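> Provided herewith: structure-v6.cif, mmCIF, C-alpha atoms.
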```
data_input
loop_
_atom_site.label_atom_id
_atom_site.label_comp_id
_atom_site.auth_asym_id
_atom_site.auth_seq_id
_atom_site.Cartn_x
_atom_site.Cartn_y
_atom_site.Cartn_z
CA MET O 1 1.78 -22.05 -6.26
CA PRO O 2 0.50 -18.48 -6.55
CA GLU O 3 2.01 -16.16 -3.98
CA LEU O 4 0.51 -13.13 -2.30
CA PRO O 5 1.06 -10.58 -5.13
CA GLU O 6 -0.52 -12.86 -7.74
CA VAL O 7 -3.56 -13.63 -5.56
CA GLU O 8 -3.94 -9.94 -4.72
CA THR O 9 -3.88 -9.11 -8.43
CA VAL O 10 -6.57 -11.73 -9.06
CA ARG O 11 -8.65 -10.21 -6.25
CA ALA O 12 -8.32 -6.73 -7.72
CA GLY O 13 -9.34 -7.98 -11.15
CA LEU O 14 -12.39 -9.89 -9.93
CA GLN O 15 -13.64 -7.18 -7.60
CA PRO O 16 -15.47 -4.97 -10.13
CA VAL O 17 -17.35 -7.89 -11.69
CA LEU O 18 -18.24 -9.59 -8.39
CA CYS O 19 -18.85 -7.01 -5.69
CA GLY O 20 -22.44 -5.85 -5.46
CA HIS O 21 -23.60 -8.39 -8.02
CA ARG O 22 -25.59 -11.61 -7.75
CA PHE O 23 -24.85 -15.13 -8.99
CA VAL O 24 -27.77 -15.87 -11.33
CA ARG O 25 -26.38 -19.18 -12.56
CA VAL O 26 -23.59 -21.52 -11.45
CA ASP O 27 -22.63 -24.18 -13.98
CA GLN O 28 -20.78 -26.91 -12.04
CA ARG O 29 -19.03 -29.33 -14.42
CA ARG O 30 -17.66 -31.79 -11.85
CA ARG O 31 -18.10 -32.79 -8.23
CA ASP O 32 -14.56 -32.05 -7.13
CA LEU O 33 -11.42 -30.07 -7.73
CA ARG O 34 -8.49 -30.95 -5.47
CA PHE O 35 -11.11 -31.78 -2.83
CA PRO O 36 -14.84 -32.47 -3.21
CA LEU O 37 -16.92 -29.35 -3.65
CA PRO O 38 -19.50 -28.67 -0.90
CA GLU O 39 -22.86 -30.39 -1.17
CA ARG O 40 -25.38 -28.41 -3.25
CA PHE O 41 -22.53 -26.03 -4.13
CA ALA O 42 -24.18 -24.51 -7.22
CA GLU O 43 -27.57 -24.30 -5.50
CA ARG O 44 -26.13 -22.56 -2.43
CA LEU O 45 -24.35 -19.94 -4.55
CA THR O 46 -27.20 -19.23 -6.96
CA GLY O 47 -29.06 -16.09 -5.96
CA ARG O 48 -26.41 -14.95 -3.50
CA THR O 49 -25.02 -11.41 -3.75
CA VAL O 50 -21.31 -10.69 -3.28
CA VAL O 51 -20.84 -8.22 -0.43
CA ARG O 52 -17.06 -7.87 -0.65
CA LEU O 53 -13.95 -9.65 -1.90
CA ASP O 54 -10.95 -10.11 0.40
CA ARG O 55 -7.65 -11.97 0.41
CA ARG O 56 -6.18 -13.91 3.33
CA ALA O 57 -2.68 -15.32 2.72
CA LYS O 58 -3.05 -17.12 -0.64
CA TYR O 59 -6.83 -17.47 -0.44
CA LEU O 60 -9.56 -15.41 -2.09
CA LEU O 61 -12.52 -14.77 0.21
CA VAL O 62 -15.84 -13.99 -1.48
CA HIS O 63 -18.16 -12.70 1.26
CA LEU O 64 -21.79 -13.41 0.44
CA ASP O 65 -25.06 -12.11 1.81
CA ARG O 66 -26.70 -14.41 4.35
CA GLY O 67 -23.42 -14.96 6.15
CA GLU O 68 -21.35 -17.38 4.09
CA VAL O 69 -17.88 -17.01 2.54
CA LEU O 70 -16.70 -18.68 -0.64
CA ALA O 71 -13.03 -19.50 0.01
CA ILE O 72 -10.90 -20.15 -3.08
CA HIS O 73 -7.35 -21.42 -3.44
CA LEU O 74 -5.95 -21.39 -6.98
CA GLY O 75 -3.47 -24.22 -6.54
CA MET O 76 -0.85 -24.42 -9.27
CA THR O 77 -2.91 -23.94 -12.42
CA GLY O 78 -6.20 -22.40 -11.30
CA ARG O 79 -7.24 -19.26 -13.15
CA PHE O 80 -10.29 -17.11 -13.72
CA SER O 81 -11.30 -15.69 -17.07
CA ILE O 82 -13.89 -12.97 -17.45
CA GLU O 83 -16.23 -12.41 -20.36
CA ALA O 84 -17.80 -9.06 -19.62
CA ALA O 85 -21.16 -8.09 -21.00
CA PRO O 86 -21.15 -4.87 -23.08
CA HIS O 87 -22.90 -2.97 -20.27
CA SER O 88 -20.64 -4.30 -17.50
CA PRO O 89 -18.08 -2.11 -15.71
CA PRO O 90 -14.53 -2.28 -17.10
CA VAL O 91 -12.48 -5.20 -15.85
CA GLN O 92 -9.15 -3.78 -14.77
CA ALA O 93 -6.24 -4.77 -12.57
CA PRO O 94 -3.62 -2.38 -11.17
CA HIS O 95 -0.98 -1.21 -13.66
CA SER O 96 -2.21 -3.50 -16.42
CA THR O 97 -1.39 -1.40 -19.48
CA HIS O 98 2.21 -2.46 -20.00
CA PRO O 99 3.18 -4.80 -22.83
CA ALA O 100 3.25 -8.52 -22.21
CA GLY O 101 6.38 -9.99 -20.68
CA ARG O 102 8.36 -13.10 -21.49
CA ARG O 103 7.32 -16.52 -20.27
CA SER O 104 9.30 -19.13 -18.43
CA ASP O 105 8.61 -22.29 -16.45
CA GLY O 106 6.74 -22.48 -13.18
CA GLY O 107 3.12 -22.51 -12.02
CA GLN O 108 1.13 -19.58 -10.77
CA GLY O 109 -2.48 -18.75 -10.01
CA ARG O 110 -3.99 -16.74 -12.86
CA LEU O 111 -6.66 -14.35 -13.82
CA ALA O 112 -6.98 -14.34 -17.60
CA ALA O 113 -9.22 -13.15 -20.35
CA PRO O 114 -9.29 -15.68 -23.19
CA PRO O 115 -7.14 -14.34 -26.07
CA SER O 116 -10.03 -14.43 -28.50
CA ARG O 117 -12.04 -12.20 -26.16
CA ARG O 118 -9.28 -9.90 -25.01
CA ALA O 119 -10.90 -6.87 -26.59
CA ARG O 120 -14.10 -7.56 -24.72
CA ALA O 121 -12.39 -8.03 -21.36
CA THR O 122 -11.99 -4.26 -20.92
CA PRO O 123 -15.09 -2.83 -22.60
CA ARG O 124 -15.87 0.84 -22.73
CA ALA O 125 -19.17 2.01 -21.40
CA SER O 126 -21.83 2.21 -24.08
CA PRO O 127 -25.50 3.21 -24.04
CA PRO O 128 -28.00 0.37 -23.61
CA THR O 129 -28.99 -1.40 -26.80
CA MET O 130 -31.57 -4.03 -27.64
CA ALA O 131 -28.77 -6.61 -27.62
CA ASN O 132 -27.66 -5.51 -24.16
CA GLN O 133 -31.23 -5.70 -22.89
CA ALA O 134 -31.61 -9.20 -24.30
CA LEU O 135 -28.38 -10.23 -22.62
CA ARG O 136 -29.59 -8.89 -19.28
CA GLU O 137 -32.89 -10.74 -19.64
CA ARG O 138 -31.11 -13.99 -20.51
CA ALA O 139 -28.85 -13.60 -17.48
CA GLN O 140 -31.81 -12.94 -15.20
CA LEU O 141 -33.56 -16.04 -16.52
CA GLY O 142 -30.43 -18.14 -16.08
CA GLN O 143 -30.25 -18.75 -19.84
CA PHE O 144 -26.81 -17.28 -20.54
CA THR O 145 -24.80 -19.60 -22.76
CA HIS O 146 -21.04 -19.36 -22.26
CA ALA O 147 -18.84 -19.87 -25.34
CA HIS O 148 -15.83 -21.79 -24.10
CA GLY O 149 -12.31 -21.31 -25.34
CA GLU O 150 -9.77 -23.82 -26.62
CA ASP O 151 -9.13 -25.15 -23.11
CA ALA O 152 -12.81 -25.81 -22.41
CA LYS O 153 -12.27 -29.31 -21.03
CA HIS O 154 -10.66 -27.71 -17.97
CA ASP O 155 -13.48 -25.15 -17.47
CA HIS O 156 -14.82 -26.69 -14.27
CA LEU O 157 -17.07 -23.89 -13.01
CA VAL O 158 -18.88 -21.09 -14.83
CA PHE O 159 -20.48 -18.25 -12.86
CA THR O 160 -23.01 -15.97 -14.57
CA MET O 161 -23.51 -12.68 -12.75
CA SER O 162 -26.62 -10.51 -12.58
CA HIS O 163 -25.06 -7.81 -14.79
CA GLY O 164 -24.30 -10.34 -17.55
CA ALA O 165 -20.59 -10.98 -16.97
CA VAL O 166 -19.48 -14.61 -17.09
CA ILE O 167 -16.58 -15.75 -14.90
CA THR O 168 -15.02 -19.12 -15.72
CA TYR O 169 -12.75 -21.11 -13.40
CA ASN O 170 -10.26 -23.20 -15.37
CA ASP O 171 -7.81 -25.57 -13.67
CA ALA O 172 -5.86 -28.04 -15.80
CA ARG O 173 -4.25 -29.92 -12.91
CA ARG O 174 -7.10 -29.42 -10.42
CA PHE O 175 -4.86 -28.49 -7.50
CA GLY O 176 -7.13 -25.60 -6.65
CA TYR O 177 -10.09 -25.93 -4.32
CA MET O 178 -13.19 -24.09 -3.11
CA THR O 179 -15.43 -24.35 -0.10
CA LEU O 180 -18.24 -22.48 1.65
CA ILE O 181 -17.64 -21.42 5.25
CA PRO O 182 -19.97 -19.66 7.70
CA GLU O 183 -18.59 -16.15 8.13
CA SER O 184 -18.87 -16.38 11.91
CA GLY O 185 -16.50 -19.35 11.94
CA LEU O 186 -14.05 -18.22 9.28
CA ASN O 187 -11.10 -17.54 11.58
CA ASP O 188 -11.56 -20.89 13.29
CA HIS O 189 -11.71 -22.90 10.08
CA ALA O 190 -8.89 -25.37 9.48
CA TYR O 191 -7.65 -23.37 6.47
CA PHE O 192 -7.22 -20.16 8.46
CA SER O 193 -6.90 -20.88 12.17
CA GLY O 194 -3.15 -21.53 12.01
CA LEU O 195 -2.14 -18.72 9.64
CA GLY O 196 0.36 -16.09 10.70
CA VAL O 197 0.23 -12.34 10.19
CA GLU O 198 -0.33 -10.67 6.85
CA PRO O 199 3.06 -9.35 5.71
CA LEU O 200 1.66 -6.05 4.46
CA SER O 201 -0.28 -5.41 7.64
CA ALA O 202 0.84 -3.39 10.64
CA ARG O 203 1.12 -6.64 12.60
CA LEU O 204 4.35 -7.61 10.84
CA THR O 205 6.85 -5.65 12.90
CA THR O 206 10.48 -6.12 13.82
CA HIS O 207 9.43 -7.07 17.35
CA TYR O 208 7.00 -9.72 16.04
CA LEU O 209 9.61 -11.25 13.76
CA ALA O 210 12.30 -11.20 16.45
CA ALA O 211 9.96 -12.91 18.90
CA ARG O 212 9.22 -15.71 16.39
CA ALA O 213 12.91 -16.12 15.53
CA ALA O 214 14.42 -16.01 19.03
CA GLY O 215 16.06 -19.29 19.94
CA LYS O 216 14.98 -21.01 16.71
CA LYS O 217 17.36 -23.48 15.09
CA LEU O 218 15.83 -23.22 11.61
CA ASP O 219 17.33 -21.07 8.85
CA LEU O 220 16.04 -17.70 7.69
CA LYS O 221 14.34 -19.00 4.58
CA ALA O 222 12.48 -21.72 6.49
CA LEU O 223 11.27 -19.13 8.99
CA LEU O 224 9.86 -16.91 6.25
CA MET O 225 8.28 -19.80 4.36
CA ASP O 226 6.38 -20.95 7.47
CA GLN O 227 2.78 -19.88 6.87
CA ARG O 228 2.12 -20.08 10.62
CA ILE O 229 4.48 -17.13 11.07
CA ILE O 230 3.92 -15.00 7.97
CA ALA O 231 0.96 -15.83 5.72
CA GLY O 232 1.23 -15.58 1.94
CA LEU O 233 4.98 -15.49 1.38
CA GLY O 234 6.40 -18.04 -1.05
CA ASN O 235 9.67 -19.01 -2.65
CA ILE O 236 9.99 -16.16 -5.13
CA TYR O 237 9.41 -13.27 -2.75
CA VAL O 238 11.34 -14.83 0.13
CA CYS O 239 14.41 -15.05 -2.12
CA GLU O 240 13.94 -11.48 -3.31
CA ALA O 241 13.32 -10.08 0.18
CA LEU O 242 16.40 -11.78 1.63
CA PHE O 243 18.49 -10.33 -1.19
CA ARG O 244 17.18 -6.82 -0.55
CA ALA O 245 17.94 -7.23 3.14
CA GLY O 246 21.45 -8.54 2.41
CA LEU O 247 20.83 -11.72 4.43
CA ALA O 248 21.96 -15.23 3.53
CA PRO O 249 18.96 -17.59 3.31
CA TYR O 250 20.83 -20.48 4.93
CA LYS O 251 21.98 -18.57 8.04
CA GLY O 252 20.16 -19.15 11.32
CA ALA O 253 16.91 -17.29 11.93
CA ALA O 254 17.97 -16.57 15.52
CA ARG O 255 20.14 -13.73 14.22
CA LEU O 256 16.98 -11.62 13.99
CA ALA O 257 16.84 -11.34 17.81
CA THR O 258 19.32 -10.34 20.48
CA ARG O 259 19.86 -12.47 23.55
CA THR O 260 17.21 -10.43 25.30
CA GLY O 261 14.77 -10.95 22.43
CA LYS O 262 14.94 -7.48 20.94
CA PRO O 263 15.06 -7.00 17.14
CA THR O 264 18.50 -6.78 15.54
CA PRO O 265 19.36 -4.51 12.59
CA ALA O 266 18.94 -7.62 10.40
CA ALA O 267 15.29 -7.89 11.51
CA GLU O 268 14.72 -4.24 10.70
CA ARG O 269 16.16 -4.64 7.21
CA LEU O 270 14.19 -7.83 6.59
CA VAL O 271 10.78 -6.49 7.59
CA ALA O 272 11.30 -3.43 5.39
CA ALA O 273 12.45 -5.63 2.49
CA ILE O 274 9.44 -7.97 2.74
CA LYS O 275 6.96 -5.10 2.62
CA ALA O 276 8.81 -3.34 -0.20
CA VAL O 277 9.18 -6.35 -2.47
CA LEU O 278 5.52 -7.32 -2.08
CA ALA O 279 4.35 -3.78 -2.76
CA ASP O 280 6.54 -3.59 -5.87
CA ALA O 281 5.28 -6.95 -7.12
CA ILE O 282 1.62 -6.00 -6.65
CA ALA O 283 2.24 -2.72 -8.48
CA ALA O 284 3.72 -4.74 -11.37
CA GLY O 285 0.71 -7.08 -11.48
CA GLY O 286 2.58 -10.06 -10.03
CA SER O 287 5.11 -12.33 -11.71
CA THR O 288 4.45 -14.31 -14.88
CA LEU O 289 6.38 -17.56 -14.72
CA ARG O 290 4.16 -19.56 -17.00
CA ASP O 291 0.84 -18.16 -18.21
CA TYR O 292 -0.42 -16.02 -15.36
CA LYS O 293 -2.38 -13.04 -16.67
CA GLN O 294 -4.23 -10.09 -15.25
CA ALA O 295 -7.95 -9.45 -15.71
CA ASP O 296 -7.42 -7.58 -18.98
CA GLY O 297 -5.30 -10.38 -20.45
CA SER O 298 -1.92 -8.69 -19.90
CA LEU O 299 0.93 -10.51 -18.18
CA GLY O 300 2.46 -9.73 -14.82
CA ARG O 301 5.76 -7.86 -15.12
CA PHE O 302 7.63 -8.31 -11.85
CA GLN O 303 9.71 -11.17 -13.28
CA HIS O 304 11.60 -8.48 -15.20
CA HIS O 305 12.70 -7.05 -11.85
CA PHE O 306 13.97 -10.22 -10.20
CA ALA O 307 17.33 -9.57 -8.56
CA VAL O 308 18.13 -13.22 -7.81
CA TYR O 309 15.21 -15.56 -8.50
CA GLY O 310 15.90 -17.70 -11.57
CA ARG O 311 19.22 -15.90 -12.24
CA SER O 312 21.70 -18.62 -11.23
CA GLY O 313 25.16 -17.92 -12.68
CA GLU O 314 24.35 -14.34 -13.63
CA PRO O 315 26.12 -11.29 -12.15
CA CYS O 316 24.72 -9.77 -8.97
CA LEU O 317 22.73 -6.61 -9.63
CA ARG O 318 23.70 -4.85 -6.41
CA PRO O 319 25.91 -1.84 -7.27
CA GLY O 320 29.56 -2.54 -6.52
CA CYS O 321 29.07 -6.28 -5.94
CA ARG O 322 31.14 -8.60 -8.13
CA GLY O 323 29.41 -11.78 -7.03
CA ARG O 324 27.29 -14.13 -9.10
CA VAL O 325 23.91 -15.53 -8.18
CA ARG O 326 23.93 -19.10 -6.94
CA ARG O 327 21.22 -21.71 -6.63
CA LYS O 328 20.92 -24.23 -3.84
CA THR O 329 18.15 -26.48 -2.58
CA GLN O 330 16.49 -25.80 0.76
CA GLY O 331 13.51 -27.76 1.95
CA GLY O 332 13.05 -29.21 -1.52
CA ARG O 333 12.82 -25.77 -3.13
CA SER O 334 15.36 -23.82 -5.18
CA THR O 335 16.95 -20.90 -3.36
CA PHE O 336 18.65 -18.11 -5.30
CA TYR O 337 21.06 -15.75 -3.56
CA CYS O 338 24.33 -13.84 -3.96
CA PRO O 339 27.04 -15.31 -1.70
CA ALA O 340 29.10 -12.13 -1.97
CA CYS O 341 26.60 -9.61 -0.57
CA GLN O 342 24.14 -11.77 1.35
CA ARG O 343 25.85 -12.57 4.63
#
```
Could the structure of this file be written out as structure tokens, please?

Amino acid sequence: MPELPEVETVRAGLQPVLCGHRFVRVDQRRRDLRFPLPERFAERLTGRTVVRLDRRAKYLLVHLDRGEVLAIHLGMTGRFSIEAAPHSPPVQAPHSTHPAGRRSDGGQGRLAAPPSRRARATPRASPPTMANQALRERAQLGQFTHAHGEDAKHDHLVFTMSHGAVITYNDARRFGYMTLIPESGLNDHAYFSGLGVEPLSARLTTHYLAARAAGKKLDLKALLMDQRIIAGLGNIYVCEALFRAGLAPYKGAARLATRTGKPTPAAERLVAAIKAVLADAIAAGGSTLRDYKQADGSLGRFQHHFAVYGRSGEPCLRPGCRGRVRRKTQGGRSTFYCPACQR
């Protein structure tokens, strides 16, 4: 599943081609993804203008005029590709100019420009031409024809925007899902009502974490993976944060609080590590574990900075530590840690 840094990178890449622009055509290829799409989904989106684009936990939130929100979860293989019209603003994601990284196994949410169109995914501004004008007129009339890539059978939704850009949602395994929610009831919706604090917000403090951990019998990793406590964290960044904090993932979460409920030094190290590892991952454009890409077609690069994740049997990277990374299973997921320096 995509984790917070990957979803945030997708949000940043979609923002310039969505915000302030109108859906002039929605081509819906099927009735459902993981769950059925809302009734009259394409009709309800067509003509709506995007007011802003947010992220909550692992969800994208497309705020529309007239008070509705398009909520999107990418699942395991969901991705967006952007074909920008020549007059559209450049499609860019943070720190996306580095060379592509290596690939390995694992699913992530993705934002990709089809390889054959990679040059057009980050166009330079050019003066209007007759071709550009024709493209604008076709978009306004809802007559834009999208040329699909090699994986067209999994192109389930195609959104044509008022400035001519075409955004395609592709999902091979269809674990992603979308719905429309009244903005006034967003926080009470079943997808969001039980979510914990955003880890990069000011609400994640040592006192908050200590209060949630006090008296708990679960282990540290289970505490951090609980979306009701911290929203958006997943297996990769929990492993990395626990390593940075020097805490063993299988030790009890109660160690984060004293007997009186105050934060321990372990809680202080862990909160700092969570915020730092997420910030570093976002700056690197997320982690590419399969075929996740940024808006301009480049791969995420944080996988090159993993200290423990996926490094079972390799030497610990902490200076002075002679341990080797181990892998164990917790809650059905692989946990990577150094037994020598994570106590």
> Using Å and a single decimal, report how far atom CA of Val308 of chain O sits from atom CA of Cys338 of chain O.
7.3 Å
> Just give me the gap between atom CA of Leu4 of chain O and atom CA of Arg173 of chain O in Å, one decimal is fine.
20.4 Å
> Given the file above and the PyMOL selection byres ((chain O and resi 213) around 9), which residues are selected, and can you give them as a ChimeraX atom specification?
/O:208-212,214-218,220,223,252-257,261
> Could you save the residues just selected, with C-alpha atoms, as a PDB file, keeping the file's coordinate frame?

```pdb
ATOM      1  CA  TYR O 208       7.000  -9.720  16.040  1.00  0.00           C
ATOM      2  CA  LEU O 209       9.610 -11.250  13.760  1.00  0.00           C
ATOM      3  CA  ALA O 210      12.300 -11.200  16.450  1.00  0.00           C
ATOM      4  CA  ALA O 211       9.960 -12.910  18.900  1.00  0.00           C
ATOM      5  CA  ARG O 212       9.220 -15.710  16.390  1.00  0.00           C
ATOM      6  CA  ALA O 214      14.420 -16.010  19.030  1.00  0.00           C
ATOM      7  CA  GLY O 215      16.060 -19.290  19.940  1.00  0.00           C
ATOM      8  CA  LYS O 216      14.980 -21.010  16.710  1.00  0.00           C
ATOM      9  CA  LYS O 217      17.360 -23.480  15.090  1.00  0.00           C
ATOM     10  CA  LEU O 218      15.830 -23.220  11.610  1.00  0.00           C
ATOM     11  CA  LEU O 220      16.040 -17.700   7.690  1.00  0.00           C
ATOM     12  CA  LEU O 223      11.270 -19.130   8.990  1.00  0.00           C
ATOM     13  CA  GLY O 252      20.160 -19.150  11.320  1.00  0.00           C
ATOM     14  CA  ALA O 253      16.910 -17.290  11.930  1.00  0.00           C
ATOM     15  CA  ALA O 254      17.970 -16.570  15.520  1.00  0.00           C
ATOM     16  CA  ARG O 255      20.140 -13.730  14.220  1.00  0.00           C
ATOM     17  CA  LEU O 256      16.980 -11.620  13.990  1.00  0.00           C
ATOM     18  CA  ALA O 257      16.840 -11.340  17.810  1.00  0.00           C
ATOM     19  CA  GLY O 261      14.770 -10.950  22.430  1.00  0.00           C
TER      20      GLY O 261
END
```
> Write out as a PyMOL selection string the residues lying within 7 Å of Ala248 of chain O, counting all atoms listed in the file and excluding same-chain residues fewer than 5 positions away.
chain O and resi 242+342-343
> Assuming the chain letters and numbering stay as they are in my file, what does the PyMOL selection byres ((chain O and resi 198) around 8) actually select? List them as a ChimeraX atom specification.
/O:56-57,196-197,199-201,203-204,230-232
> With C-alpha atoms retained, export the selected residues as an mmCIF file, in the coordinates of the input.

```cif
data_model
loop_
_atom_site.group_PDB
_atom_site.id
_atom_site.type_symbol
_atom_site.label_atom_id
_atom_site.label_comp_id
_atom_site.auth_asym_id
_atom_site.auth_seq_id
_atom_site.Cartn_x
_atom_site.Cartn_y
_atom_site.Cartn_z
ATOM 1 C CA ARG O 56 -6.180 -13.910 3.330
ATOM 2 C CA ALA O 57 -2.680 -15.320 2.720
ATOM 3 C CA GLY O 196 0.360 -16.090 10.700
ATOM 4 C CA VAL O 197 0.230 -12.340 10.190
ATOM 5 C CA PRO O 199 3.060 -9.350 5.710
ATOM 6 C CA LEU O 200 1.660 -6.050 4.460
ATOM 7 C CA SER O 201 -0.280 -5.410 7.640
ATOM 8 C CA ARG O 203 1.120 -6.640 12.600
ATOM 9 C CA LEU O 204 4.350 -7.610 10.840
ATOM 10 C CA ILE O 230 3.920 -15.000 7.970
ATOM 11 C CA ALA O 231 0.960 -15.830 5.720
ATOM 12 C CA GLY O 232 1.230 -15.580 1.940
#
```
> Using the chain letters and residue numbers of this document, give as a list in words the residues selected by the PyMOL selection byres ((chain O and resi 38) around 12).
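Selected by the PyMOL selection byres ((chain O and resi 38) around 12) in this file: Gln28, Arg30, Arg31, Asp32, Leu33, Phe35, Pro36, Leu37, Glu39, Arg40, Phe41, Ala42, Glu43, Arg44, Leu45, Leu70, Ala71, Tyr177, Met178, Thr179, Leu180 and Ile181 of chain O.
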> Could you write out that same residue set with C-alpha atoms as a CSV table (one decimal), keeping the file's coordinate frame?

```
chain,number,residue,atom,x,y,z
O,28,GLN,CA,-20.8,-26.9,-12.0
O,30,ARG,CA,-17.7,-31.8,-11.8
O,31,ARG,CA,-18.1,-32.8,-8.2
O,32,ASP,CA,-14.6,-32.0,-7.1
O,33,LEU,CA,-11.4,-30.1,-7.7
O,35,PHE,CA,-11.1,-31.8,-2.8
O,36,PRO,CA,-14.8,-32.5,-3.2
O,37,LEU,CA,-16.9,-29.4,-3.6
O,39,GLU,CA,-22.9,-30.4,-1.2
O,40,ARG,CA,-25.4,-28.4,-3.2
O,41,PHE,CA,-22.5,-26.0,-4.1
O,42,ALA,CA,-24.2,-24.5,-7.2
O,43,GLU,CA,-27.6,-24.3,-5.5
O,44,ARG,CA,-26.1,-22.6,-2.4
O,45,LEU,CA,-24.4,-19.9,-4.6
O,70,LEU,CA,-16.7,-18.7,-0.6
O,71,ALA,CA,-13.0,-19.5,0.0
O,177,TYR,CA,-10.1,-25.9,-4.3
O,178,MET,CA,-13.2,-24.1,-3.1
O,179,THR,CA,-15.4,-24.4,-0.1
O,180,LEU,CA,-18.2,-22.5,1.6
O,181,ILE,CA,-17.6,-21.4,5.2
```
> Taking all atoms listed in the file into account, which of O:Gly285, O:Gly234, O:Gly246, O:Gly164 comes nearest Leu270 of chain O?
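Answer, going by the shortest atom-to-atom distance: O:Gly246.
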> Skipping near chain neighbours, those fewer than 3 positions away, what residues fall within 9 Å of Cys341 of chain O using all atoms listed in the file, listed as a list in words?
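Surrounding residues, per the criterion: Phe243, Gly246, Leu247, Ala248, Cys316, Arg318, Cys321, Arg322, Gly323, Tyr337 and Cys338 of chain O.
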> Reconstruct N, CA and C atoms of segment 198-216 of chain O; output as a PDB file, in the coordinates of the input.

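Writing the result to selection15.pdb gives the following:
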```
ATOM      1  N   GLU O 198      -0.449 -11.132   8.229  1.00  0.00           N
ATOM      2  CA  GLU O 198      -0.330 -10.670   6.850  1.00  0.00           C
ATOM      3  C   GLU O 198       0.926  -9.799   6.741  1.00  0.00           C
ATOM      4  N   PRO O 199       1.792 -10.078   5.772  1.00  0.00           N
ATOM      5  CA  PRO O 199       3.060  -9.350   5.710  1.00  0.00           C
ATOM      6  C   PRO O 199       2.938  -7.873   5.399  1.00  0.00           C
ATOM      7  N   LEU O 200       1.840  -7.465   4.765  1.00  0.00           N
ATOM      8  CA  LEU O 200       1.660  -6.050   4.460  1.00  0.00           C
ATOM      9  C   LEU O 200       0.856  -5.322   5.533  1.00  0.00           C
ATOM     10  N   SER O 201       0.493  -6.031   6.575  1.00  0.00           N
ATOM     11  CA  SER O 201      -0.280  -5.410   7.640  1.00  0.00           C
ATOM     12  C   SER O 201       0.651  -4.808   8.690  1.00  0.00           C
ATOM     13  N   ALA O 202       0.061  -4.010   9.561  1.00  0.00           N
ATOM     14  CA  ALA O 202       0.840  -3.390  10.640  1.00  0.00           C
ATOM     15  C   ALA O 202       1.294  -4.409  11.675  1.00  0.00           C
ATOM     16  N   ARG O 203       0.755  -5.624  11.617  1.00  0.00           N
ATOM     17  CA  ARG O 203       1.120  -6.640  12.600  1.00  0.00           C
ATOM     18  C   ARG O 203       2.500  -7.232  12.330  1.00  0.00           C
ATOM     19  N   LEU O 204       2.991  -7.131  11.106  1.00  0.00           N
ATOM     20  CA  LEU O 204       4.350  -7.610  10.840  1.00  0.00           C
ATOM     21  C   LEU O 204       5.322  -6.494  11.231  1.00  0.00           C
ATOM     22  N   THR O 205       5.897  -6.621  12.388  1.00  0.00           N
ATOM     23  CA  THR O 205       6.850  -5.650  12.900  1.00  0.00           C
ATOM     24  C   THR O 205       8.167  -6.334  13.201  1.00  0.00           C
ATOM     25  N   THR O 206       9.180  -5.545  13.458  1.00  0.00           N
ATOM     26  CA  THR O 206      10.480  -6.120  13.820  1.00  0.00           C
ATOM     27  C   THR O 206      10.385  -6.885  15.138  1.00  0.00           C
ATOM     28  N   HIS O 207       9.577  -6.397  16.058  1.00  0.00           N
ATOM     29  CA  HIS O 207       9.430  -7.070  17.350  1.00  0.00           C
ATOM     30  C   HIS O 207       8.725  -8.422  17.175  1.00  0.00           C
ATOM     31  N   TYR O 208       7.696  -8.452  16.307  1.00  0.00           N
ATOM     32  CA  TYR O 208       7.000  -9.720  16.040  1.00  0.00           C
ATOM     33  C   TYR O 208       7.959 -10.739  15.448  1.00  0.00           C
ATOM     34  N   LEU O 209       8.710 -10.320  14.427  1.00  0.00           N
ATOM     35  CA  LEU O 209       9.610 -11.250  13.760  1.00  0.00           C
ATOM     36  C   LEU O 209      10.720 -11.730  14.696  1.00  0.00           C
ATOM     37  N   ALA O 210      11.254 -10.820  15.499  1.00  0.00           N
ATOM     38  CA  ALA O 210      12.300 -11.200  16.450  1.00  0.00           C
ATOM     39  C   ALA O 210      11.777 -12.204  17.466  1.00  0.00           C
ATOM     40  N   ALA O 211      10.551 -12.000  17.919  1.00  0.00           N
ATOM     41  CA  ALA O 211       9.960 -12.910  18.900  1.00  0.00           C
ATOM     42  C   ALA O 211       9.784 -14.307  18.321  1.00  0.00           C
ATOM     43  N   ARG O 212       9.415 -14.397  17.035  1.00  0.00           N
ATOM     44  CA  ARG O 212       9.220 -15.710  16.390  1.00  0.00           C
ATOM     45  C   ARG O 212      10.557 -16.375  16.062  1.00  0.00           C
ATOM     46  N   ALA O 213      11.609 -15.579  15.922  1.00  0.00           N
ATOM     47  CA  ALA O 213      12.910 -16.120  15.530  1.00  0.00           C
ATOM     48  C   ALA O 213      13.794 -16.470  16.730  1.00  0.00           C
ATOM     49  N   ALA O 214      13.545 -15.855  17.867  1.00  0.00           N
ATOM     50  CA  ALA O 214      14.420 -16.010  19.030  1.00  0.00           C
ATOM     51  C   ALA O 214      14.552 -17.480  19.431  1.00  0.00           C
ATOM     52  N   GLY O 215      15.787 -17.939  19.503  1.00  0.00           N
ATOM     53  CA  GLY O 215      16.060 -19.290  19.940  1.00  0.00           C
ATOM     54  C   GLY O 215      15.770 -20.374  18.936  1.00  0.00           C
ATOM     55  N   LYS O 216      15.309 -20.016  17.735  1.00  0.00           N
ATOM     56  CA  LYS O 216      14.980 -21.010  16.710  1.00  0.00           C
ATOM     57  C   LYS O 216      16.246 -21.554  16.061  1.00  0.00           C
TER      58      LYS O 216
END
```
